[in-house]
file query-v9.cif (mmCIF, N, CA and C atoms)
data_entry
loop_
_atom_site.label_atom_id
_atom_site.label_comp_id
_atom_site.auth_asym_id
_atom_site.auth_seq_id
_atom_site.Cartn_x
_atom_site.Cartn_y
_atom_site.Cartn_z
N ILE A 85 100.70 93.47 51.13
CA ILE A 85 100.38 94.35 52.24
C ILE A 85 101.62 95.16 52.59
N ILE A 86 101.42 96.46 52.70
CA ILE A 86 102.51 97.36 53.07
C ILE A 86 102.25 97.86 54.49
N ALA A 87 103.23 97.69 55.35
CA ALA A 87 103.10 98.11 56.75
C ALA A 87 103.03 99.62 56.86
N ASP A 88 102.29 100.08 57.85
CA ASP A 88 102.20 101.52 58.13
C ASP A 88 103.55 102.00 58.66
N SER A 89 104.11 103.00 58.02
CA SER A 89 105.40 103.53 58.47
C SER A 89 105.32 105.03 58.76
N ARG A 90 104.11 105.59 58.70
CA ARG A 90 103.94 107.04 58.90
C ARG A 90 103.15 107.29 60.18
N PRO A 91 103.69 108.14 61.06
CA PRO A 91 102.97 108.44 62.30
C PRO A 91 101.76 109.33 62.05
N PRO A 92 100.81 109.33 63.00
CA PRO A 92 99.63 110.20 62.85
C PRO A 92 100.02 111.68 62.91
N VAL A 93 99.19 112.49 62.28
CA VAL A 93 99.40 113.94 62.23
C VAL A 93 98.13 114.62 62.72
N VAL A 94 98.28 115.69 63.50
CA VAL A 94 97.12 116.48 63.94
C VAL A 94 96.64 117.32 62.75
N LEU A 95 95.39 117.11 62.38
CA LEU A 95 94.79 117.88 61.28
C LEU A 95 94.01 119.07 61.77
N GLY A 96 93.44 118.99 62.97
CA GLY A 96 92.60 120.06 63.46
C GLY A 96 92.64 120.16 64.97
N LEU A 97 92.40 121.36 65.45
CA LEU A 97 92.38 121.65 66.87
C LEU A 97 91.21 122.59 67.13
N ASP A 98 90.23 122.12 67.89
CA ASP A 98 89.07 122.94 68.25
C ASP A 98 89.14 123.23 69.74
N ILE A 99 89.02 124.50 70.10
CA ILE A 99 89.04 124.89 71.51
C ILE A 99 87.74 125.63 71.82
N ASP A 100 87.06 125.18 72.87
CA ASP A 100 85.80 125.78 73.31
C ASP A 100 85.93 126.09 74.80
N LEU A 101 86.12 127.35 75.13
CA LEU A 101 86.28 127.75 76.52
C LEU A 101 84.95 127.83 77.26
N ASN A 102 83.83 127.83 76.54
CA ASN A 102 82.54 127.77 77.22
C ASN A 102 82.28 126.37 77.78
N SER A 103 82.54 125.37 76.96
CA SER A 103 82.33 123.99 77.42
C SER A 103 83.55 123.42 78.13
N GLY A 104 84.70 124.12 78.03
CA GLY A 104 85.92 123.64 78.67
C GLY A 104 86.47 122.40 78.00
N LYS A 105 86.54 122.45 76.67
CA LYS A 105 86.97 121.27 75.93
C LYS A 105 87.86 121.66 74.75
N MET A 106 88.85 120.82 74.50
CA MET A 106 89.74 120.97 73.36
C MET A 106 89.73 119.64 72.60
N THR A 107 89.49 119.67 71.30
CA THR A 107 89.41 118.44 70.52
C THR A 107 90.50 118.43 69.46
N LEU A 108 91.20 117.31 69.40
CA LEU A 108 92.25 117.09 68.40
C LEU A 108 91.75 116.10 67.37
N GLN A 109 91.90 116.44 66.08
CA GLN A 109 91.55 115.52 65.00
C GLN A 109 92.84 115.07 64.33
N PHE A 110 92.91 113.78 64.03
CA PHE A 110 94.11 113.20 63.43
C PHE A 110 93.82 112.71 62.02
N ASP A 111 94.87 112.57 61.22
CA ASP A 111 94.71 112.14 59.83
C ASP A 111 94.53 110.64 59.67
N GLU A 112 94.69 109.90 60.76
CA GLU A 112 94.51 108.45 60.73
C GLU A 112 94.07 108.00 62.12
N PRO A 113 93.59 106.77 62.24
CA PRO A 113 93.19 106.29 63.56
C PRO A 113 94.36 106.30 64.55
N VAL A 114 94.03 106.63 65.80
CA VAL A 114 95.03 106.61 66.88
C VAL A 114 94.54 105.67 67.98
N ASN A 115 95.47 105.21 68.78
CA ASN A 115 95.17 104.33 69.90
C ASN A 115 94.95 105.20 71.13
N GLY A 116 93.70 105.41 71.51
CA GLY A 116 93.37 106.30 72.63
C GLY A 116 93.99 105.91 73.94
N THR A 117 94.31 104.63 74.12
CA THR A 117 94.93 104.20 75.39
C THR A 117 96.36 104.69 75.53
N THR A 118 96.96 105.18 74.44
CA THR A 118 98.33 105.71 74.50
C THR A 118 98.35 107.22 74.70
N PHE A 119 97.16 107.86 74.75
CA PHE A 119 97.09 109.33 74.82
C PHE A 119 97.65 109.84 76.13
N ASN A 120 98.52 110.84 76.04
CA ASN A 120 99.16 111.46 77.21
C ASN A 120 98.83 112.95 77.21
N LEU A 121 97.77 113.33 77.91
CA LEU A 121 97.37 114.73 77.89
C LEU A 121 98.37 115.64 78.57
N TYR A 122 99.25 115.08 79.40
CA TYR A 122 100.26 115.91 80.06
C TYR A 122 101.42 116.24 79.14
N SER A 123 101.38 115.74 77.93
CA SER A 123 102.36 116.09 76.91
C SER A 123 102.01 117.43 76.25
N ILE A 124 100.76 117.87 76.46
CA ILE A 124 100.25 119.08 75.80
C ILE A 124 100.63 120.33 76.59
N GLN A 125 100.95 121.36 75.84
CA GLN A 125 101.21 122.66 76.43
C GLN A 125 100.56 123.73 75.55
N LEU A 126 99.87 124.66 76.17
CA LEU A 126 99.29 125.79 75.46
C LEU A 126 100.20 127.00 75.64
N LEU A 127 100.35 127.77 74.59
CA LEU A 127 101.20 128.97 74.61
C LEU A 127 100.35 130.19 74.33
N ALA A 128 100.75 131.32 74.89
CA ALA A 128 100.07 132.58 74.62
C ALA A 128 100.65 133.28 73.40
N ASN A 129 101.81 132.83 72.95
CA ASN A 129 102.50 133.49 71.85
C ASN A 129 103.10 132.42 70.95
N ALA A 130 102.99 132.59 69.65
CA ALA A 130 103.49 131.59 68.71
C ALA A 130 105.00 131.55 68.63
N SER A 131 105.68 132.51 69.20
CA SER A 131 107.13 132.54 69.06
C SER A 131 107.86 132.62 70.39
N SER A 132 107.17 132.34 71.49
CA SER A 132 107.81 132.45 72.79
C SER A 132 107.16 131.51 73.79
N THR A 133 107.96 131.01 74.71
CA THR A 133 107.43 130.19 75.80
C THR A 133 107.32 131.00 77.08
N ALA A 134 107.32 132.32 76.97
CA ALA A 134 107.26 133.16 78.15
C ALA A 134 106.00 132.90 78.97
N ILE A 135 104.90 132.65 78.30
CA ILE A 135 103.65 132.38 79.01
C ILE A 135 103.10 131.07 78.47
N THR A 136 103.11 130.04 79.31
CA THR A 136 102.64 128.72 78.91
C THR A 136 101.64 128.19 79.93
N PHE A 137 100.91 127.17 79.51
CA PHE A 137 99.95 126.53 80.40
C PHE A 137 100.04 125.02 80.20
N ALA A 138 100.16 124.30 81.30
CA ALA A 138 100.15 122.84 81.26
C ALA A 138 98.98 122.37 82.13
N PHE A 139 98.33 121.30 81.73
CA PHE A 139 97.17 120.79 82.46
C PHE A 139 97.57 120.09 83.75
N SER A 140 96.70 120.21 84.74
CA SER A 140 96.95 119.53 86.02
C SER A 140 95.78 118.63 86.43
N ASN A 141 94.56 118.94 85.99
CA ASN A 141 93.43 118.09 86.40
C ASN A 141 92.42 117.87 85.27
N ALA A 142 92.92 117.76 84.05
CA ALA A 142 92.05 117.49 82.91
C ALA A 142 91.88 115.98 82.72
N THR A 143 90.90 115.61 81.93
CA THR A 143 90.68 114.22 81.54
C THR A 143 90.55 114.20 80.01
N TYR A 144 90.42 113.02 79.45
CA TYR A 144 90.23 112.98 78.00
C TYR A 144 89.20 111.92 77.61
N LEU A 145 88.62 112.15 76.44
CA LEU A 145 87.62 111.24 75.88
C LEU A 145 88.04 110.87 74.46
N VAL A 146 87.93 109.61 74.13
CA VAL A 146 88.17 109.18 72.75
C VAL A 146 86.83 109.27 72.04
N ASN A 147 86.71 110.23 71.11
CA ASN A 147 85.45 110.47 70.41
C ASN A 147 85.22 109.49 69.27
N GLY A 148 86.27 108.97 68.74
CA GLY A 148 86.23 108.07 67.59
C GLY A 148 87.66 107.73 67.25
N PRO A 149 87.88 106.97 66.21
CA PRO A 149 89.24 106.52 65.92
C PRO A 149 90.21 107.65 65.57
N GLN A 150 89.69 108.80 65.12
CA GLN A 150 90.57 109.89 64.70
C GLN A 150 90.35 111.18 65.49
N SER A 151 89.71 111.10 66.66
CA SER A 151 89.39 112.30 67.43
C SER A 151 89.46 112.04 68.93
N ILE A 152 90.18 112.91 69.62
CA ILE A 152 90.29 112.84 71.08
C ILE A 152 90.03 114.23 71.64
N SER A 153 89.19 114.29 72.68
CA SER A 153 88.90 115.57 73.35
C SER A 153 89.54 115.60 74.72
N VAL A 154 90.13 116.74 75.05
CA VAL A 154 90.63 116.99 76.40
C VAL A 154 89.55 117.81 77.09
N VAL A 155 89.08 117.31 78.22
CA VAL A 155 88.05 118.01 79.00
C VAL A 155 88.77 118.67 80.17
N PHE A 156 88.74 119.99 80.18
CA PHE A 156 89.44 120.73 81.22
C PHE A 156 88.76 120.52 82.57
N GLY A 157 89.53 120.25 83.60
CA GLY A 157 89.00 120.25 84.94
C GLY A 157 88.67 121.69 85.32
N LEU A 158 87.84 121.88 86.32
CA LEU A 158 87.43 123.23 86.72
C LEU A 158 88.64 124.08 87.09
N ASP A 159 89.60 123.51 87.81
CA ASP A 159 90.80 124.28 88.18
C ASP A 159 91.57 124.71 86.93
N ASP A 160 91.76 123.78 85.99
CA ASP A 160 92.47 124.13 84.76
C ASP A 160 91.72 125.19 83.97
N LEU A 161 90.41 125.02 83.83
CA LEU A 161 89.61 125.98 83.07
C LEU A 161 89.69 127.37 83.70
N ASN A 162 89.58 127.46 85.02
CA ASN A 162 89.67 128.75 85.69
C ASN A 162 91.07 129.35 85.55
N ARG A 163 92.10 128.51 85.58
CA ARG A 163 93.48 129.00 85.41
C ARG A 163 93.68 129.53 83.99
N ILE A 164 93.11 128.84 83.00
CA ILE A 164 93.23 129.33 81.62
C ILE A 164 92.51 130.67 81.49
N LYS A 165 91.30 130.77 82.01
CA LYS A 165 90.52 132.00 81.89
C LYS A 165 91.19 133.18 82.60
N ALA A 166 91.96 132.91 83.65
CA ALA A 166 92.63 133.97 84.40
C ALA A 166 94.01 134.31 83.83
N SER A 167 94.48 133.52 82.88
CA SER A 167 95.82 133.73 82.32
C SER A 167 95.73 134.42 80.97
N PRO A 168 96.88 134.83 80.42
CA PRO A 168 96.88 135.42 79.07
C PRO A 168 96.78 134.37 77.96
N VAL A 169 96.79 133.09 78.32
CA VAL A 169 96.71 132.02 77.33
C VAL A 169 95.26 131.86 76.85
N CYS A 170 95.09 131.76 75.56
CA CYS A 170 93.78 131.52 74.92
C CYS A 170 92.74 132.59 75.23
N LYS A 171 93.16 133.82 75.23
CA LYS A 171 92.19 134.92 75.34
C LYS A 171 91.44 135.10 74.01
N ASP A 172 92.11 134.75 72.93
CA ASP A 172 91.55 134.78 71.58
C ASP A 172 92.43 133.90 70.70
N THR A 173 92.15 133.84 69.42
CA THR A 173 92.92 132.94 68.55
C THR A 173 94.39 133.35 68.43
N SER A 174 94.67 134.63 68.59
CA SER A 174 96.08 135.07 68.46
C SER A 174 96.91 134.74 69.70
N SER A 175 96.27 134.31 70.78
CA SER A 175 97.02 133.97 72.01
C SER A 175 96.78 132.52 72.43
N CYS A 176 96.52 131.67 71.44
CA CYS A 176 96.22 130.28 71.75
C CYS A 176 96.95 129.37 70.76
N TRP A 177 98.02 128.75 71.24
CA TRP A 177 98.87 127.91 70.40
C TRP A 177 99.15 126.61 71.13
N LEU A 178 99.24 125.52 70.39
CA LEU A 178 99.41 124.20 70.95
C LEU A 178 100.76 123.60 70.59
N THR A 179 101.43 123.01 71.58
CA THR A 179 102.60 122.19 71.35
C THR A 179 102.40 120.88 72.10
N PHE A 180 103.14 119.85 71.71
CA PHE A 180 103.10 118.58 72.43
C PHE A 180 104.34 117.77 72.10
N GLY A 181 104.63 116.86 72.99
CA GLY A 181 105.79 115.99 72.81
C GLY A 181 105.47 114.78 71.94
N ALA A 182 106.50 114.01 71.63
CA ALA A 182 106.36 112.81 70.79
C ALA A 182 105.56 111.72 71.49
N ASP A 183 105.32 111.89 72.79
CA ASP A 183 104.56 110.88 73.54
C ASP A 183 103.08 111.21 73.63
N LEU A 184 102.56 112.11 72.77
CA LEU A 184 101.15 112.50 72.83
C LEU A 184 100.23 111.31 72.56
N VAL A 185 100.42 110.63 71.45
CA VAL A 185 99.56 109.50 71.10
C VAL A 185 100.22 108.70 69.98
N ALA A 186 99.90 107.42 69.94
CA ALA A 186 100.41 106.55 68.88
C ALA A 186 99.26 106.00 68.05
N ASP A 187 99.57 105.55 66.87
CA ASP A 187 98.56 104.88 66.05
C ASP A 187 98.50 103.40 66.45
N PRO A 188 97.59 102.63 65.88
CA PRO A 188 97.48 101.22 66.26
C PRO A 188 98.75 100.39 66.00
N GLU A 189 99.61 100.88 65.12
CA GLU A 189 100.87 100.18 64.84
C GLU A 189 101.96 100.53 65.85
N GLY A 190 101.68 101.48 66.74
CA GLY A 190 102.65 101.89 67.74
C GLY A 190 103.54 103.04 67.32
N LEU A 191 103.22 103.69 66.21
CA LEU A 191 104.00 104.84 65.75
C LEU A 191 103.47 106.10 66.43
N PHE A 192 104.33 106.77 67.19
CA PHE A 192 103.92 107.99 67.90
C PHE A 192 104.01 109.20 66.99
N VAL A 193 103.16 110.19 67.27
CA VAL A 193 103.16 111.44 66.51
C VAL A 193 104.54 112.08 66.58
N ASN A 194 104.82 112.90 65.58
CA ASN A 194 106.01 113.73 65.66
C ASN A 194 105.69 114.89 66.59
N PRO A 195 106.64 115.30 67.42
CA PRO A 195 106.33 116.40 68.34
C PRO A 195 106.06 117.70 67.59
N VAL A 196 105.24 118.54 68.18
CA VAL A 196 105.02 119.90 67.69
C VAL A 196 105.71 120.80 68.69
N VAL A 197 106.75 121.46 68.24
CA VAL A 197 107.63 122.21 69.14
C VAL A 197 107.26 123.69 69.17
N VAL A 198 107.83 124.37 70.13
CA VAL A 198 107.54 125.79 70.37
C VAL A 198 107.82 126.65 69.14
N THR A 199 108.80 126.28 68.35
CA THR A 199 109.13 127.09 67.18
C THR A 199 108.13 126.93 66.03
N ASN A 200 107.22 125.95 66.15
CA ASN A 200 106.23 125.72 65.10
C ASN A 200 104.92 125.20 65.70
N PRO A 201 104.28 125.99 66.60
CA PRO A 201 103.06 125.51 67.27
C PRO A 201 101.86 125.49 66.33
N ILE A 202 100.81 124.81 66.79
CA ILE A 202 99.57 124.69 66.01
C ILE A 202 98.55 125.72 66.52
N ALA A 203 97.93 126.42 65.58
CA ALA A 203 96.85 127.36 65.93
C ALA A 203 95.53 126.61 65.88
N PRO A 204 94.54 127.05 66.65
CA PRO A 204 93.23 126.40 66.61
C PRO A 204 92.58 126.50 65.23
N THR A 205 91.91 125.43 64.83
CA THR A 205 91.10 125.43 63.62
C THR A 205 89.81 126.19 63.89
N SER A 206 89.27 125.98 65.10
CA SER A 206 88.11 126.75 65.55
C SER A 206 88.33 127.11 67.02
N PHE A 207 87.80 128.26 67.39
CA PHE A 207 88.00 128.78 68.75
C PHE A 207 86.71 129.43 69.22
N ILE A 208 86.22 129.00 70.36
CA ILE A 208 85.05 129.62 70.99
C ILE A 208 85.53 130.24 72.29
N ASP A 209 85.42 131.55 72.35
CA ASP A 209 85.87 132.31 73.51
C ASP A 209 84.96 132.08 74.72
N ASP A 210 85.46 132.43 75.86
CA ASP A 210 84.68 132.35 77.10
C ASP A 210 83.65 133.47 77.12
N THR A 211 82.39 133.12 77.00
CA THR A 211 81.31 134.11 77.09
C THR A 211 80.39 133.80 78.26
N THR A 212 80.78 132.85 79.10
CA THR A 212 79.98 132.47 80.25
C THR A 212 80.29 133.41 81.41
N PRO A 213 79.31 134.17 81.90
CA PRO A 213 79.58 135.06 83.02
C PRO A 213 79.78 134.26 84.31
N PRO A 214 80.55 134.83 85.24
CA PRO A 214 80.72 134.13 86.52
C PRO A 214 79.40 134.03 87.26
N GLN A 215 79.28 132.98 88.05
CA GLN A 215 78.08 132.78 88.86
C GLN A 215 78.48 132.60 90.32
N LEU A 216 77.68 133.15 91.20
CA LEU A 216 77.89 132.96 92.62
C LEU A 216 77.47 131.55 92.98
N THR A 217 78.41 130.75 93.50
CA THR A 217 78.10 129.36 93.81
C THR A 217 77.94 129.11 95.30
N ALA A 218 78.41 130.02 96.12
CA ALA A 218 78.26 129.86 97.56
C ALA A 218 78.31 131.24 98.21
N LEU A 219 77.63 131.35 99.31
CA LEU A 219 77.62 132.59 100.06
C LEU A 219 77.72 132.22 101.53
N GLY A 220 78.70 132.76 102.18
CA GLY A 220 78.88 132.43 103.59
C GLY A 220 78.88 133.69 104.44
N PHE A 221 78.54 133.50 105.68
CA PHE A 221 78.53 134.61 106.62
C PHE A 221 79.45 134.27 107.77
N ALA A 222 80.14 135.26 108.22
CA ALA A 222 81.00 135.09 109.38
C ALA A 222 80.34 135.77 110.57
N GLU A 223 80.47 135.18 111.71
CA GLU A 223 79.88 135.75 112.91
C GLU A 223 80.99 136.49 113.67
N PHE A 224 80.71 137.72 114.00
CA PHE A 224 81.69 138.53 114.72
C PHE A 224 81.10 138.94 116.05
N GLU A 225 81.96 138.97 117.05
CA GLU A 225 81.55 139.52 118.35
C GLU A 225 82.08 140.94 118.43
N VAL A 226 81.24 141.82 118.89
CA VAL A 226 81.64 143.20 119.05
C VAL A 226 81.81 143.44 120.54
N GLU A 227 83.01 143.92 120.88
CA GLU A 227 83.25 144.21 122.30
C GLU A 227 82.69 145.59 122.61
N ALA A 228 82.05 145.67 123.72
CA ALA A 228 81.45 146.94 124.13
C ALA A 228 82.41 147.77 124.91
#

call {"tool": "encode", "arguments": {"input": "query-v9.cif", "output": "structure tokens"}}
result
Amino acid sequence: IIADSRPPVVLGLDIDLNSGKMTLQFDEPVNGTTFNLYSIQLLANASSTAITFAFSNATYLVNGPQSISVVFGLDDLNRIKASPVCKDTSSCWLTFGADLVADPEGLFVNPVVVTNPIAPTSFIDDTTPPQLTALGFAEFEVEA
């Protein structure tokens, strides 16, 4: 038996702005309990950190041994849609620290740094039109 000495590698990145979800696929099983979604940063440019996005209210789901999805919270999703980040595939790049996730042996991924970010494997743009969710009226007194 030869012990695992190689950390997991991200093989794919799917981003869907309609469903508000980003899915990471790995080349080997990962331990979902070690996943740190706050290690992730999205960039608008592959060669600059001038415009970045970090999550504040997202959650994550372990889809299987080699797949984890980040589910954007409504605030995060609205912030992404209002920013220059992920307007299309040319403005959507992923970086993360070495603390993103480990495999079952405890080997953490190698970080993906700003100088070599990951582009989405698939990208679904925001095509959902805004909807009116509340309507309020204010009462005013008119002085005669």

call {"tool": "residues_around", "arguments": {"input": "query-v9.cif", "residues": "range 95-109 of chain A", "least_positions_apart": "4", "cutoff": "7 Å", "atoms": "all atoms listed in the file", "output": "number ranges by chain"}}
result
A: 150-157, 161, 203-212

call {"tool": "resolve_selection", "arguments": {"input": "query-v9.cif", "expression": "the PyMOL selection byres (((chain A and resi 185 and name CA) around 6) and name CA)", "output": "JSON, numbers by chain"}}
result
{"A": [118, 119, 183, 184, 186, 192]}

call {"tool": "select_by_dssp", "arguments": {"input": "query-v9.cif", "residues": "chain A", "states": "strand (DSSP E or B)", "output": "PyMOL selection string"}}
result
chain A and resi 94-100+105-110+115+124-129+132-138+143-148+151-155+177-180+186+192+196+202+206-208

call {"tool": "atom_distance", "arguments": {"input": "query-v9.cif", "atom1": "atom N of Ile202 in chain A", "atom2": "atom N of Val93 in chain A"}}
result
13.2 Å

call {"tool": "closest_residue", "arguments": {"input": "query-v9.cif", "among": "A:Val193, A:Ala138, A:Val146, A:Ala218", "to": "Ser123 in chain A", "atoms": "only C-alpha atoms"}}
result
A:Ala138

call {"tool": "closest_residue", "arguments": {"input": "query-v9.cif", "among": "A:Ala87, A:Val169, A:Ala128, A:Leu158", "to": "Asn141 in chain A", "atoms": "only N, CA and C atoms"}}
result
A:Leu158

call {"tool": "closest_residue", "arguments": {"input": "query-v9.cif", "among": "A:Leu127, A:Val226, A:Ile86, A:Leu121", "to": "Cys176 in chain A", "atoms": "all atoms listed in the file"}}
result
A:Leu127

call {"tool": "residues_around", "arguments": {"input": "query-v9.cif", "residues": "Asn200 in chain A", "least_positions_apart": "4", "cutoff": "8 Å", "atoms": "only N, CA and C atoms", "output": "NGL selection string"}}
result
:A and (130-131 or 178-179 or 195-196)

call {"tool": "write_last_selection", "arguments": {"input": "query-v9.cif", "atoms": "N, CA and C atoms", "output": "short mmCIF file (atom, residue, chain, number, x, y, z; two decimals), keeping the file's coordinate frame"}}
result
data_model
loop_
_atom_site.label_atom_id
_atom_site.label_comp_id
_atom_site.auth_asym_id
_atom_site.auth_seq_id
_atom_site.Cartn_x
_atom_site.Cartn_y
_atom_site.Cartn_z
N ALA A 130 102.99 132.59 69.65
CA ALA A 130 103.49 131.59 68.71
C ALA A 130 105.00 131.55 68.63
N SER A 131 105.68 132.51 69.20
CA SER A 131 107.13 132.54 69.06
C SER A 131 107.86 132.62 70.39
N LEU A 178 99.24 125.52 70.39
CA LEU A 178 99.41 124.20 70.95
C LEU A 178 100.76 123.60 70.59
N THR A 179 101.43 123.01 71.58
CA THR A 179 102.60 122.19 71.35
C THR A 179 102.40 120.88 72.10
N PRO A 195 106.64 115.30 67.42
CA PRO A 195 106.33 116.40 68.34
C PRO A 195 106.06 117.70 67.59
N VAL A 196 105.24 118.54 68.18
CA VAL A 196 105.02 119.90 67.69
C VAL A 196 105.71 120.80 68.69
#

call {"tool": "residues_around", "arguments": {"input": "query-v9.cif", "residues": "Pro113 in chain A", "least_positions_apart": "6", "cutoff": "6 Å", "atoms": "only N, CA and C atoms", "output": "NGL selection string"}}
result
:A and (149-150 or 187-188)

call {"tool": "write_last_selection", "arguments": {"input": "query-v9.cif", "atoms": "N, CA and C atoms", "output": "mmCIF file, keeping the file's coordinate frame"}}
result
data_model
loop_
_atom_site.group_PDB
_atom_site.id
_atom_site.type_symbol
_atom_site.label_atom_id
_atom_site.label_comp_id
_atom_site.auth_asym_id
_atom_site.auth_seq_id
_atom_site.Cartn_x
_atom_site.Cartn_y
_atom_site.Cartn_z
ATOM 1 N N PRO A 149 87.880 106.970 66.210
ATOM 2 C CA PRO A 149 89.240 106.520 65.920
ATOM 3 C C PRO A 149 90.210 107.650 65.570
ATOM 4 N N GLN A 150 89.690 108.800 65.120
ATOM 5 C CA GLN A 150 90.570 109.890 64.700
ATOM 6 C C GLN A 150 90.350 111.180 65.490
ATOM 7 N N ASP A 187 99.570 105.550 66.870
ATOM 8 C CA ASP A 187 98.560 104.880 66.050
ATOM 9 C C ASP A 187 98.500 103.400 66.450
ATOM 10 N N PRO A 188 97.590 102.630 65.880
ATOM 11 C CA PRO A 188 97.480 101.220 66.260
ATOM 12 C C PRO A 188 98.750 100.390 66.000
#

call {"tool": "axis_aligned_box", "arguments": {"input": "query-v9.cif", "around": "range 187-194 of chain A", "padding_each_side": "6 Å", "output": "AutoDock Vina command-line options"}}
result
--center_x 101.7 --center_y 107.5 --center_z 66.4 --size_x 20.5 --size_y 26.7 --size_z 15.1

call {"tool": "closest_residue", "arguments": {"input": "query-v9.cif", "among": "A:Val114, A:Val197, A:Phe139, A:Glu189", "to": "Leu126 in chain A", "atoms": "all atoms listed in the file"}}
result
A:Phe139

call {"tool": "atom_distance", "arguments": {"input": "query-v9.cif", "atom1": "CA of Leu216 in chain A", "atom2": "atom C of Asn162 in chain A"}}
result
15.4 Å

call {"tool": "atom_distance", "arguments": {"input": "query-v9.cif", "atom1": "CA of Asp159 in chain A", "atom2": "CA of Thr217 in chain A"}}
result
14.8 Å

call {"tool": "build_atoms", "arguments": {"input": "query-v9.cif", "residues": "range 200-206 of chain A", "atoms": "all heavy atoms", "output": "PDB file, keeping the file's coordinate frame"}}
result
ATOM      1  N   ASN A 200     107.220 125.950  66.150  1.00  0.00           N
ATOM      2  CA  ASN A 200     106.230 125.720  65.100  1.00  0.00           C
ATOM      3  C   ASN A 200     104.920 125.200  65.700  1.00  0.00           C
ATOM      4  O   ASN A 200     104.458 124.117  65.367  1.00  0.00           O
ATOM      5  CB  ASN A 200     106.784 124.733  64.074  1.00  0.00           C
ATOM      6  CG  ASN A 200     105.961 124.727  62.813  1.00  0.00           C
ATOM      7  OD1 ASN A 200     105.303 125.693  62.488  1.00  0.00           O
ATOM      8  ND2 ASN A 200     105.984 123.603  62.125  1.00  0.00           N
ATOM      9  N   PRO A 201     104.280 125.990  66.600  1.00  0.00           N
ATOM     10  CA  PRO A 201     103.060 125.510  67.270  1.00  0.00           C
ATOM     11  C   PRO A 201     101.860 125.490  66.330  1.00  0.00           C
ATOM     12  O   PRO A 201     101.892 126.066  65.247  1.00  0.00           O
ATOM     13  CB  PRO A 201     102.866 126.535  68.392  1.00  0.00           C
ATOM     14  CG  PRO A 201     103.462 127.785  67.843  1.00  0.00           C
ATOM     15  CD  PRO A 201     104.628 127.343  67.000  1.00  0.00           C
ATOM     16  N   ILE A 202     100.810 124.810  66.790  1.00  0.00           N
ATOM     17  CA  ILE A 202      99.570 124.690  66.010  1.00  0.00           C
ATOM     18  C   ILE A 202      98.550 125.720  66.520  1.00  0.00           C
ATOM     19  O   ILE A 202      98.331 125.831  67.727  1.00  0.00           O
ATOM     20  CB  ILE A 202      98.981 123.277  66.161  1.00  0.00           C
ATOM     21  CG1 ILE A 202      99.939 122.247  65.573  1.00  0.00           C
ATOM     22  CG2 ILE A 202      97.609 123.189  65.506  1.00  0.00           C
ATOM     23  CD1 ILE A 202      99.489 120.817  65.830  1.00  0.00           C
ATOM     24  N   ALA A 203      97.930 126.420  65.580  1.00  0.00           N
ATOM     25  CA  ALA A 203      96.850 127.360  65.930  1.00  0.00           C
ATOM     26  C   ALA A 203      95.530 126.610  65.880  1.00  0.00           C
ATOM     27  O   ALA A 203      95.378 125.635  65.148  1.00  0.00           O
ATOM     28  CB  ALA A 203      96.832 128.520  64.941  1.00  0.00           C
ATOM     29  N   PRO A 204      94.540 127.050  66.650  1.00  0.00           N
ATOM     30  CA  PRO A 204      93.230 126.400  66.610  1.00  0.00           C
ATOM     31  C   PRO A 204      92.580 126.500  65.230  1.00  0.00           C
ATOM     32  O   PRO A 204      92.667 127.534  64.573  1.00  0.00           O
ATOM     33  CB  PRO A 204      92.395 127.157  67.636  1.00  0.00           C
ATOM     34  CG  PRO A 204      93.354 127.937  68.452  1.00  0.00           C
ATOM     35  CD  PRO A 204      94.565 128.144  67.616  1.00  0.00           C
ATOM     36  N   THR A 205      91.910 125.430  64.830  1.00  0.00           N
ATOM     37  CA  THR A 205      91.100 125.430  63.620  1.00  0.00           C
ATOM     38  C   THR A 205      89.810 126.190  63.890  1.00  0.00           C
ATOM     39  O   THR A 205      89.327 126.936  63.055  1.00  0.00           O
ATOM     40  CB  THR A 205      90.770 123.977  63.202  1.00  0.00           C
ATOM     41  OG1 THR A 205      91.973 123.225  63.185  1.00  0.00           O
ATOM     42  CG2 THR A 205      90.120 123.926  61.850  1.00  0.00           C
ATOM     43  N   SER A 206      89.270 125.980  65.100  1.00  0.00           N
ATOM     44  CA  SER A 206      88.110 126.750  65.550  1.00  0.00           C
ATOM     45  C   SER A 206      88.330 127.110  67.020  1.00  0.00           C
ATOM     46  O   SER A 206      88.967 126.368  67.758  1.00  0.00           O
ATOM     47  CB  SER A 206      86.801 125.983  65.356  1.00  0.00           C
ATOM     48  OG  SER A 206      86.692 124.931  66.278  1.00  0.00           O
TER      49      SER A 206
END
